[in-house]
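Visitor: One file is attached below, start_2.csv, containing CSV, C-alpha atoms and all ligand atoms.
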chain,number,residue,atom,x,y,z
A,1,MET,CA,-1.7,-19.5,-2.8
A,2,ARG,CA,-3.4,-21.1,0.2
A,3,LEU,CA,-5.8,-23.9,-0.2
A,4,LEU,CA,-8.1,-25.9,2.0
A,5,VAL,CA,-8.8,-29.7,1.7
A,6,VAL,CA,-12.0,-31.0,3.3
A,7,GLU,CA,-12.1,-34.8,3.1
A,8,ASP,CA,-12.9,-37.3,5.8
A,9,ASP,CA,-11.0,-40.2,4.3
A,10,LYS,CA,-7.7,-39.6,6.2
A,11,ASP,CA,-5.5,-41.4,3.7
A,12,LEU,CA,-7.0,-39.5,0.8
A,13,ASN,CA,-6.8,-36.2,2.7
A,14,ARG,CA,-3.2,-36.8,3.4
A,15,GLN,CA,-2.4,-37.7,-0.2
A,16,ILE,CA,-4.1,-34.6,-1.6
A,17,VAL,CA,-2.5,-32.3,1.0
A,18,THR,CA,1.0,-33.8,0.3
A,19,ALA,CA,0.6,-33.4,-3.4
A,20,LEU,CA,-0.6,-29.8,-3.1
A,21,ALA,CA,2.2,-28.9,-0.7
A,22,GLN,CA,4.7,-30.4,-3.1
A,23,ALA,CA,3.2,-28.4,-5.9
A,24,GLY,CA,4.0,-25.2,-3.9
A,25,TYR,CA,0.8,-24.4,-2.2
A,26,ALA,CA,0.2,-23.6,1.5
A,27,VAL,CA,-2.4,-26.1,2.6
A,28,ASP,CA,-4.8,-26.5,5.5
A,29,HIS,CA,-7.0,-29.5,6.0
A,30,ALA,CA,-10.1,-30.7,7.8
A,31,PHE,CA,-11.5,-34.2,8.3
A,32,ASP,CA,-15.1,-33.3,9.1
A,33,GLY,CA,-17.8,-30.9,7.7
A,34,GLU,CA,-18.0,-28.6,10.7
A,35,GLU,CA,-14.4,-27.9,10.9
A,36,GLY,CA,-14.1,-27.6,7.1
A,37,TRP,CA,-17.1,-25.2,7.0
A,38,PHE,CA,-15.6,-23.1,9.8
A,39,LEU,CA,-12.1,-22.8,8.2
A,40,GLY,CA,-13.6,-21.8,4.8
A,41,ASP,CA,-15.8,-19.3,6.6
A,42,THR,CA,-13.0,-17.6,8.5
A,43,GLU,CA,-9.8,-18.0,6.5
A,44,PRO,CA,-9.2,-16.4,3.1
A,45,TYR,CA,-8.5,-19.4,0.9
A,46,ASP,CA,-7.6,-19.1,-2.7
A,47,ALA,CA,-9.4,-22.4,-3.5
A,48,VAL,CA,-11.0,-25.3,-1.7
A,49,VAL,CA,-11.1,-29.1,-2.4
A,50,LEU,CA,-14.4,-30.2,-0.8
A,51,ASP,CA,-15.6,-33.8,-0.5
A,52,LEU,CA,-19.4,-34.0,-0.6
A,53,GLY,CA,-20.0,-36.9,1.8
A,54,LEU,CA,-18.7,-35.7,5.2
A,55,PRO,CA,-19.5,-36.4,8.8
A,56,LYS,CA,-21.2,-33.6,10.9
A,57,LYS,CA,-22.1,-31.4,7.9
A,58,ASP,CA,-22.3,-32.5,4.3
A,59,GLY,CA,-20.4,-30.8,1.5
A,60,VAL,CA,-23.5,-29.3,-0.3
A,61,SER,CA,-24.7,-27.6,2.9
A,62,ILE,CA,-21.2,-26.3,3.6
A,63,LEU,CA,-20.9,-24.9,0.1
A,64,SER,CA,-24.4,-23.3,0.1
A,65,GLU,CA,-23.6,-21.6,3.4
A,66,TRP,CA,-20.3,-20.2,2.2
A,67,ARG,CA,-21.9,-18.8,-0.9
A,68,ARG,CA,-24.8,-17.3,1.0
A,69,ALA,CA,-22.2,-15.7,3.3
A,70,GLY,CA,-20.5,-14.2,0.2
A,71,ARG,CA,-17.5,-16.5,0.1
A,72,THR,CA,-16.5,-16.6,-3.5
A,73,MET,CA,-13.3,-18.7,-3.5
A,74,PRO,CA,-13.3,-21.4,-6.2
A,75,VAL,CA,-14.5,-24.7,-4.9
A,76,LEU,CA,-13.6,-28.1,-6.5
A,77,ILE,CA,-15.9,-30.8,-5.3
A,78,LEU,CA,-15.1,-34.5,-5.0
A,79,THR,CA,-18.0,-36.7,-5.9
A,80,ALA,CA,-18.6,-40.5,-6.1
A,81,ARG,CA,-18.4,-41.8,-9.6
A,82,ASP,CA,-21.7,-42.2,-11.4
A,83,ARG,CA,-23.6,-40.1,-8.9
A,84,TRP,CA,-24.8,-37.5,-11.4
A,85,SER,CA,-27.2,-36.0,-8.9
A,86,ASP,CA,-24.2,-35.2,-6.6
A,87,LYS,CA,-22.7,-33.1,-9.4
A,88,VAL,CA,-25.9,-31.3,-10.1
A,89,GLN,CA,-26.5,-30.5,-6.4
A,90,GLY,CA,-22.9,-29.5,-6.1
A,91,PHE,CA,-23.0,-27.1,-9.0
A,92,ASP,CA,-26.3,-25.7,-7.9
A,93,ALA,CA,-24.8,-25.0,-4.5
A,94,GLY,CA,-22.0,-23.0,-6.1
A,95,ALA,CA,-19.2,-25.5,-7.0
A,96,ASP,CA,-16.8,-24.4,-9.8
A,97,ASP,CA,-15.7,-27.8,-10.9
A,98,TYR,CA,-15.7,-31.4,-9.8
A,99,VAL,CA,-13.5,-34.5,-9.9
A,100,ALA,CA,-15.1,-38.0,-9.5
A,101,LYS,CA,-13.5,-40.6,-7.3
A,102,PRO,CA,-11.3,-42.4,-7.8
A,103,PHE,CA,-9.1,-39.9,-9.5
A,104,HIS,CA,-5.5,-39.3,-10.4
A,105,ILE,CA,-4.0,-36.6,-8.2
A,106,GLU,CA,-2.7,-34.8,-11.4
A,107,GLU,CA,-6.3,-34.1,-12.3
A,108,ILE,CA,-6.9,-32.3,-9.0
A,109,LEU,CA,-3.7,-30.3,-9.5
A,110,ALA,CA,-4.7,-29.4,-13.1
A,111,ARG,CA,-8.2,-28.4,-12.2
A,112,LEU,CA,-7.1,-26.3,-9.3
A,113,ARG,CA,-4.5,-24.5,-11.5
A,114,ALA,CA,-7.3,-23.8,-13.9
A,115,LEU,CA,-9.6,-22.5,-11.2
A,116,LEU,CA,-6.9,-20.3,-9.7
A,117,ARG,CA,-6.0,-18.7,-13.0
A,118,ARG,CA,-9.6,-18.2,-14.0
A,119,ALA,CA,-10.2,-16.5,-10.7
A,120,ALA,CA,-7.3,-14.2,-11.6
A,121,GLY,CA,-8.9,-13.6,-15.0
A,122,HIS,CA,-6.1,-15.4,-16.8
A,123,ALA,CA,-6.5,-17.7,-19.8
A,124,THR,CA,-3.3,-19.8,-19.5
A,125,SER,CA,-1.1,-21.2,-16.8
A,126,GLU,CA,1.7,-19.0,-17.8
A,127,PHE,CA,1.9,-15.6,-16.1
A,128,ARG,CA,4.2,-12.9,-17.5
A,129,CYS,CA,5.3,-9.6,-16.1
A,130,GLY,CA,7.9,-7.8,-18.2
A,131,PRO,CA,10.7,-10.3,-18.7
A,132,VAL,CA,9.6,-12.6,-15.8
A,133,LEU,CA,7.6,-15.7,-16.7
A,134,LEU,CA,6.0,-17.9,-14.2
A,135,ASP,CA,4.8,-21.3,-15.4
A,136,ALA,CA,2.2,-22.5,-12.9
A,137,ARG,CA,2.0,-25.9,-14.5
A,138,ALA,CA,5.7,-26.7,-14.3
A,139,GLY,CA,6.2,-24.6,-11.1
A,140,ARG,CA,9.0,-22.7,-12.8
A,141,VAL,CA,10.1,-19.1,-13.1
A,142,SER,CA,12.4,-17.6,-15.7
A,143,VAL,CA,13.7,-14.1,-16.5
A,144,ASP,CA,14.4,-13.4,-20.2
A,145,GLY,CA,14.2,-17.2,-20.7
A,146,SER,CA,16.9,-18.0,-18.1
A,147,PRO,CA,15.5,-20.2,-15.3
A,148,VAL,CA,15.6,-18.7,-11.8
A,149,LYS,CA,15.7,-21.0,-8.7
A,150,LEU,CA,13.3,-19.9,-6.0
A,151,THR,CA,12.5,-21.4,-2.6
A,152,SER,CA,8.9,-22.6,-2.1
A,153,HIS,CA,8.1,-19.4,-0.1
A,154,GLU,CA,9.6,-17.2,-2.7
A,155,TYR,CA,7.7,-19.0,-5.4
A,156,ARG,CA,4.4,-18.8,-3.5
A,157,LEU,CA,4.9,-15.1,-3.0
A,158,LEU,CA,5.7,-14.4,-6.7
A,159,SER,CA,2.8,-16.7,-7.7
A,160,TYR,CA,0.4,-14.8,-5.5
A,161,LEU,CA,1.6,-11.4,-6.8
A,162,MET,CA,1.4,-12.7,-10.4
A,163,HIS,CA,-2.2,-13.9,-9.8
A,164,HIS,CA,-3.0,-10.4,-8.6
A,165,ALA,CA,-0.9,-8.3,-10.9
A,166,GLY,CA,-1.8,-4.6,-11.1
A,167,ARG,CA,-3.4,-4.5,-7.7
A,168,ILE,CA,-1.9,-3.4,-4.4
A,169,VAL,CA,-1.4,-6.3,-2.1
A,170,SER,CA,-0.8,-5.6,1.6
A,171,ARG,CA,1.7,-7.5,3.7
A,172,GLY,CA,-1.1,-8.8,5.9
A,173,GLU,CA,-2.9,-10.2,2.8
A,174,ILE,CA,0.3,-11.9,1.6
A,175,VAL,CA,0.8,-13.5,5.0
A,176,GLU,CA,-2.7,-14.9,4.9
A,177,HIS,CA,-2.1,-16.5,1.5
A,178,LEU,CA,1.5,-17.6,1.9
A,179,TYR,CA,1.3,-19.7,5.0
A,180,ASP,CA,-1.0,-22.5,6.3
A,181,GLN,CA,-2.7,-22.0,9.7
A,182,ASP,CA,-0.1,-23.9,11.7
A,183,PHE,CA,2.7,-21.7,10.5
A,184,ASP,CA,4.1,-19.1,12.9
A,185,ARG,CA,3.3,-16.0,10.9
A,186,ASP,CA,5.2,-12.8,10.9
A,187,SER,CA,4.4,-10.1,8.4
A,188,ASN,CA,8.0,-8.7,8.9
A,189,THR,CA,9.4,-11.7,7.0
A,190,ILE,CA,7.4,-10.7,3.9
A,191,GLU,CA,9.8,-7.8,3.4
A,192,VAL,CA,12.7,-10.2,3.6
A,193,PHE,CA,11.1,-12.5,1.0
A,194,VAL,CA,10.4,-9.6,-1.3
A,195,GLY,CA,14.0,-8.4,-1.0
A,196,ARG,CA,15.2,-11.9,-1.9
A,197,LEU,CA,12.8,-12.2,-4.8
A,198,ARG,CA,13.9,-8.8,-6.2
A,199,LYS,CA,17.5,-9.9,-6.0
A,200,LYS,CA,17.0,-13.2,-7.6
A,201,LEU,CA,14.8,-11.9,-10.4
A,202,GLY,CA,17.2,-9.0,-11.0
A,203,VAL,CA,14.4,-6.8,-12.4
A,204,GLU,CA,12.2,-4.3,-10.7
A,205,ILE,CA,8.7,-5.7,-11.2
A,206,ILE,CA,7.7,-5.7,-7.5
A,207,GLN,CA,7.1,-2.1,-6.4
A,208,THR,CA,6.7,-1.0,-2.8
A,209,VAL,CA,3.7,1.2,-2.2
A,210,ARG,CA,4.6,2.9,1.0
A,211,GLY,CA,2.2,2.2,3.9
A,212,LEU,CA,0.0,-0.1,1.7
A,213,GLY,CA,2.0,-3.0,0.4
A,214,TYR,CA,3.3,-4.2,-2.9
A,215,ILE,CA,2.2,-4.1,-6.5
A,216,LEU,CA,3.4,-6.2,-9.4
A,217,ALA,CA,3.8,-3.9,-12.4
A,218,ALA,CA,5.4,-4.6,-15.7
A,219,SER,CA,7.4,-1.8,-17.3
A,220,GLU,CA,5.4,0.6,-19.5
A,221,THR,CA,6.8,-1.1,-22.6
A,222,GLU,CA,6.9,-4.8,-22.8
A,223,ASP,CA,10.0,-4.6,-25.1
A,224,LYS,CA,12.7,-6.9,-24.0
A,225,GLY,CA,15.5,-5.0,-22.4
A,226,ALA,CA,13.5,-1.8,-22.1
A,227,LYS,CA,14.2,-1.9,-18.4
A,228,PRO,CA,17.8,-2.4,-17.4
A,229,ARG,CA,18.4,-5.4,-15.1
A,230,ARG,CA,19.4,-4.2,-11.7
A,231,ILE,CA,23.0,-5.0,-10.9
A,232,GLU,CA,23.5,-6.0,-7.3
A,233,PRO,CA,26.9,-5.3,-5.7
A,234,SER,CA,28.7,-8.6,-5.3
A,235,SER,CA,30.2,-7.8,-2.0
A,236,GLY,CA,29.0,-6.4,1.3
A,237,SER,CA,26.0,-8.7,1.9
B,1,CA,CA,-16.3,-38.8,2.3
Can you give me the file's structure in the form of structure tokens?
Ligand code: CA
Guide:
Amino acid sequence: MRLLVVEDDKDLNRQIVTALAQAGYAVDHAFDGEEGWFLGDTEPYDAVVLDLGLPKKDGVSILSEWRRAGRTMPVLILTARDRWSDKVQGFDAGADDYVAKPFHIEEILARLRALLRRAAGHATSEFRCGPVLLDARAGRVSVDGSPVKLTSHEYRLLSYLMHHAGRIVSRGEIVEHLYDQDFDRDSNTIEVFVGRLRKKLGVEIIQTVRGLGYILAASETEDKGAKPRRIEPSSGS
């Protein structure tokens, strides 16, 4: 999942970006309204944290323009405490949720998780596919109840596929949502990540759709053990 943070307070911006990156998201940031608007207009973010009071272009204008241009990503606005009119304007402009300053970073994280899962049409922060369980709140993955240790990129990849289960996701799309803009992107690495994920999960939930990409599909029956775990040869790699 790739997020954008638009906040002109540099310290606050850095704090939010750091917390989001630690939580496993790819994060881009902007310090003024024009750059923020531009990034949100041109990059496919999964969600945006948008301060309302910004230099060059205010948050409400940015949001209205995104919505008019058909940008539907969830947007969490940051408002000054006790400015109810900010919230009303923000929601009218198309905000999905708000956090009033000052806030605890955990609240931003929790609200973003909720926005992301709602955008995926999901009621809880636990995503299941066959025997694989991804707990977006704890940032943990398990197979048949046994924890699986993933790198942050593997986790991001699985999380993105889980949020879009049942739909074909192209390699190009994965690249756009896995890395921040400063990352040297290469869609060939996705195949490598998918290979590692398959190996670590030990179950075949990520299917390759030749020429199109990947699809996360649970086995027909959700019965435990209905699908045998793939046994990887222990030598040769
Ligand atoms: Ca501000």
Visitor: So what do you get for CA of Glu65 in chain A versus CA of Leu78 in chain A, distance-wise?
Guide: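 A separation of 17.6 Å between them.
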Visitor: Residues of range 110-214 of chain A that have any atom at most 10 Å from an atom of range 97-104 of chain A: could you tabulate them with the shortest-distance atom pair and the distance in Å to one decimal, using all atoms listed in the file, ordered by chain and increasing number, as CSV?
Guide:
residue,atom,partner,partner_atom,distance
A:Arg111,CA,A:Asp97,CA,7.6
A:Leu112,CA,A:Asp97,CA,8.9
A:Ala114,CA,A:Asp97,CA,9.8
A:Leu115,CA,A:Asp97,CA,8.1
Visitor: Using all atoms listed in the file, which of the listed residues (A:Lys149, A:Lys10, A:Arg2, A:His164) sits closest to ligand CA 1 (chain B)?
Guide: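 Closest residue, counting all atoms listed in the file: A:Lys10.
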Visitor: Enter the distance from CA of Ile77 in chain A to CA of Ala95 in chain A, in Å, rounded to one decimal.
Guide: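 Between CA of Ile77 in chain A and CA of Ala95 in chain A the gap works out to 6.5 Å.
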Visitor: Rounded to one decimal, what separation in Å do you get between CA of Arg198 in chain A and CA of Ile215 in chain A?
Guide: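 Atom-to-atom, CA of Arg198 in chain A and CA of Ile215 in chain A are spaced 12.6 Å apart.
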Visitor: Within 12 Å of ligand CA 1 (chain B), counting only C-alpha atoms and all ligand atoms: which residues, as number ranges by chain?
Guide: A: 5-13, 30-33, 49-59, 77-80, 100-102
Visitor: Using all atoms listed in the file, which residue out of A:Arg118, A:His163, A:Arg171, A:Lys200 lies closest to Thr151 in chain A?
Guide: A:Lys200
Visitor: Per residue of range 163-194 of chain A within 10 Å of range 40-45 of chain A, which atom pair is closest and at what distance in Å (one decimal), using only C-alpha atoms, listed by chain and increasing number, as CSV?
Guide:
residue,atom,partner,partner_atom,distance
A:Glu173,CA,A:Pro44,CA,8.8
A:Glu176,CA,A:Pro44,CA,6.9
A:His177,CA,A:Tyr45,CA,7.1
A:Asp180,CA,A:Tyr45,CA,9.7
A:Gln181,CA,A:Glu43,CA,8.8
Visitor: Output C-alpha atoms of each residue in that selection to a file, as an mmCIF file, keeping the file's coordinate frame.
Guide:
data_model
loop_
_atom_site.group_PDB
_atom_site.id
_atom_site.type_symbol
_atom_site.label_atom_id
_atom_site.label_comp_id
_atom_site.auth_asym_id
_atom_site.auth_seq_id
_atom_site.Cartn_x
_atom_site.Cartn_y
_atom_site.Cartn_z
ATOM 1 C CA GLU A 173 -2.900 -10.200 2.800
ATOM 2 C CA GLU A 176 -2.700 -14.900 4.900
ATOM 3 C CA HIS A 177 -2.100 -16.500 1.500
ATOM 4 C CA ASP A 180 -1.000 -22.500 6.300
ATOM 5 C CA GLN A 181 -2.700 -22.000 9.700
#
Visitor: Please determine, counting all atoms listed in the file, which residue among A:Leu39, A:Ser159, A:Arg68, A:Ile190 has the shortest atom-to-atom distance to Arg137 in chain A.
Guide: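 Checking each of A:Leu39, A:Ser159, A:Arg68, A:Ile190 against Arg137 in chain A, counting all atoms listed in the file, the winner is A:Ser159.
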Visitor: Can you pull out the residues contacting Ser142 in chain A? Cut-off 6 Å, using only C-alpha atoms, and skip same-chain residues under 3 positions away; I want them as a PyMOL selection string.
Guide: chain A and resi 132-133+145-148
Visitor: Since the input has fewer atoms than a full residue there, write range 10-22 of chain A out with N, CA, C and O atoms, as a compact mmCIF listing (two decimals), in the coordinates of the input.
Guide:
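rebuild24.txt, freshly written:
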# COMPACT_ATOMS: atom_id res chain seq x y z
N LYS A 10 -8.99 -40.19 5.74
CA LYS A 10 -7.70 -39.60 6.20
C LYS A 10 -6.58 -39.86 5.24
O LYS A 10 -5.75 -38.98 5.00
N ASP A 11 -6.53 -41.08 4.65
CA ASP A 11 -5.50 -41.40 3.70
C ASP A 11 -5.55 -40.46 2.48
O ASP A 11 -4.56 -39.89 2.03
N LEU A 12 -6.76 -40.36 1.97
CA LEU A 12 -7.00 -39.50 0.80
C LEU A 12 -6.66 -38.08 1.08
O LEU A 12 -6.01 -37.39 0.29
N ASN A 13 -7.11 -37.62 2.24
CA ASN A 13 -6.80 -36.20 2.70
C ASN A 13 -5.33 -35.99 2.66
O ASN A 13 -4.86 -35.00 2.09
N ARG A 14 -4.61 -36.93 3.28
CA ARG A 14 -3.20 -36.80 3.40
C ARG A 14 -2.50 -36.77 2.00
O ARG A 14 -1.62 -35.97 1.73
N GLN A 15 -2.99 -37.66 1.14
CA GLN A 15 -2.40 -37.70 -0.20
C GLN A 15 -2.60 -36.41 -0.96
O GLN A 15 -1.69 -35.92 -1.62
N ILE A 16 -3.80 -35.86 -0.86
CA ILE A 16 -4.10 -34.60 -1.60
C ILE A 16 -3.24 -33.47 -0.99
O ILE A 16 -2.60 -32.71 -1.72
N VAL A 17 -3.23 -33.40 0.35
CA VAL A 17 -2.50 -32.30 1.00
C VAL A 17 -1.00 -32.41 0.64
O VAL A 17 -0.37 -31.39 0.32
N THR A 18 -0.45 -33.62 0.66
CA THR A 18 1.00 -33.80 0.30
C THR A 18 1.25 -33.34 -1.11
O THR A 18 2.21 -32.61 -1.36
N ALA A 19 0.39 -33.76 -2.03
CA ALA A 19 0.60 -33.40 -3.40
C ALA A 19 0.51 -31.88 -3.63
O ALA A 19 1.30 -31.28 -4.37
N LEU A 20 -0.45 -31.26 -2.95
CA LEU A 20 -0.60 -29.80 -3.10
C LEU A 20 0.57 -29.07 -2.49
O LEU A 20 1.05 -28.08 -3.05
N ALA A 21 1.04 -29.56 -1.35
CA ALA A 21 2.20 -28.90 -0.70
C ALA A 21 3.42 -29.06 -1.61
O ALA A 21 4.19 -28.11 -1.78
N GLN A 22 3.58 -30.25 -2.21
CA GLN A 22 4.70 -30.40 -3.10
C GLN A 22 4.62 -29.54 -4.34
O GLN A 22 5.62 -29.15 -4.91
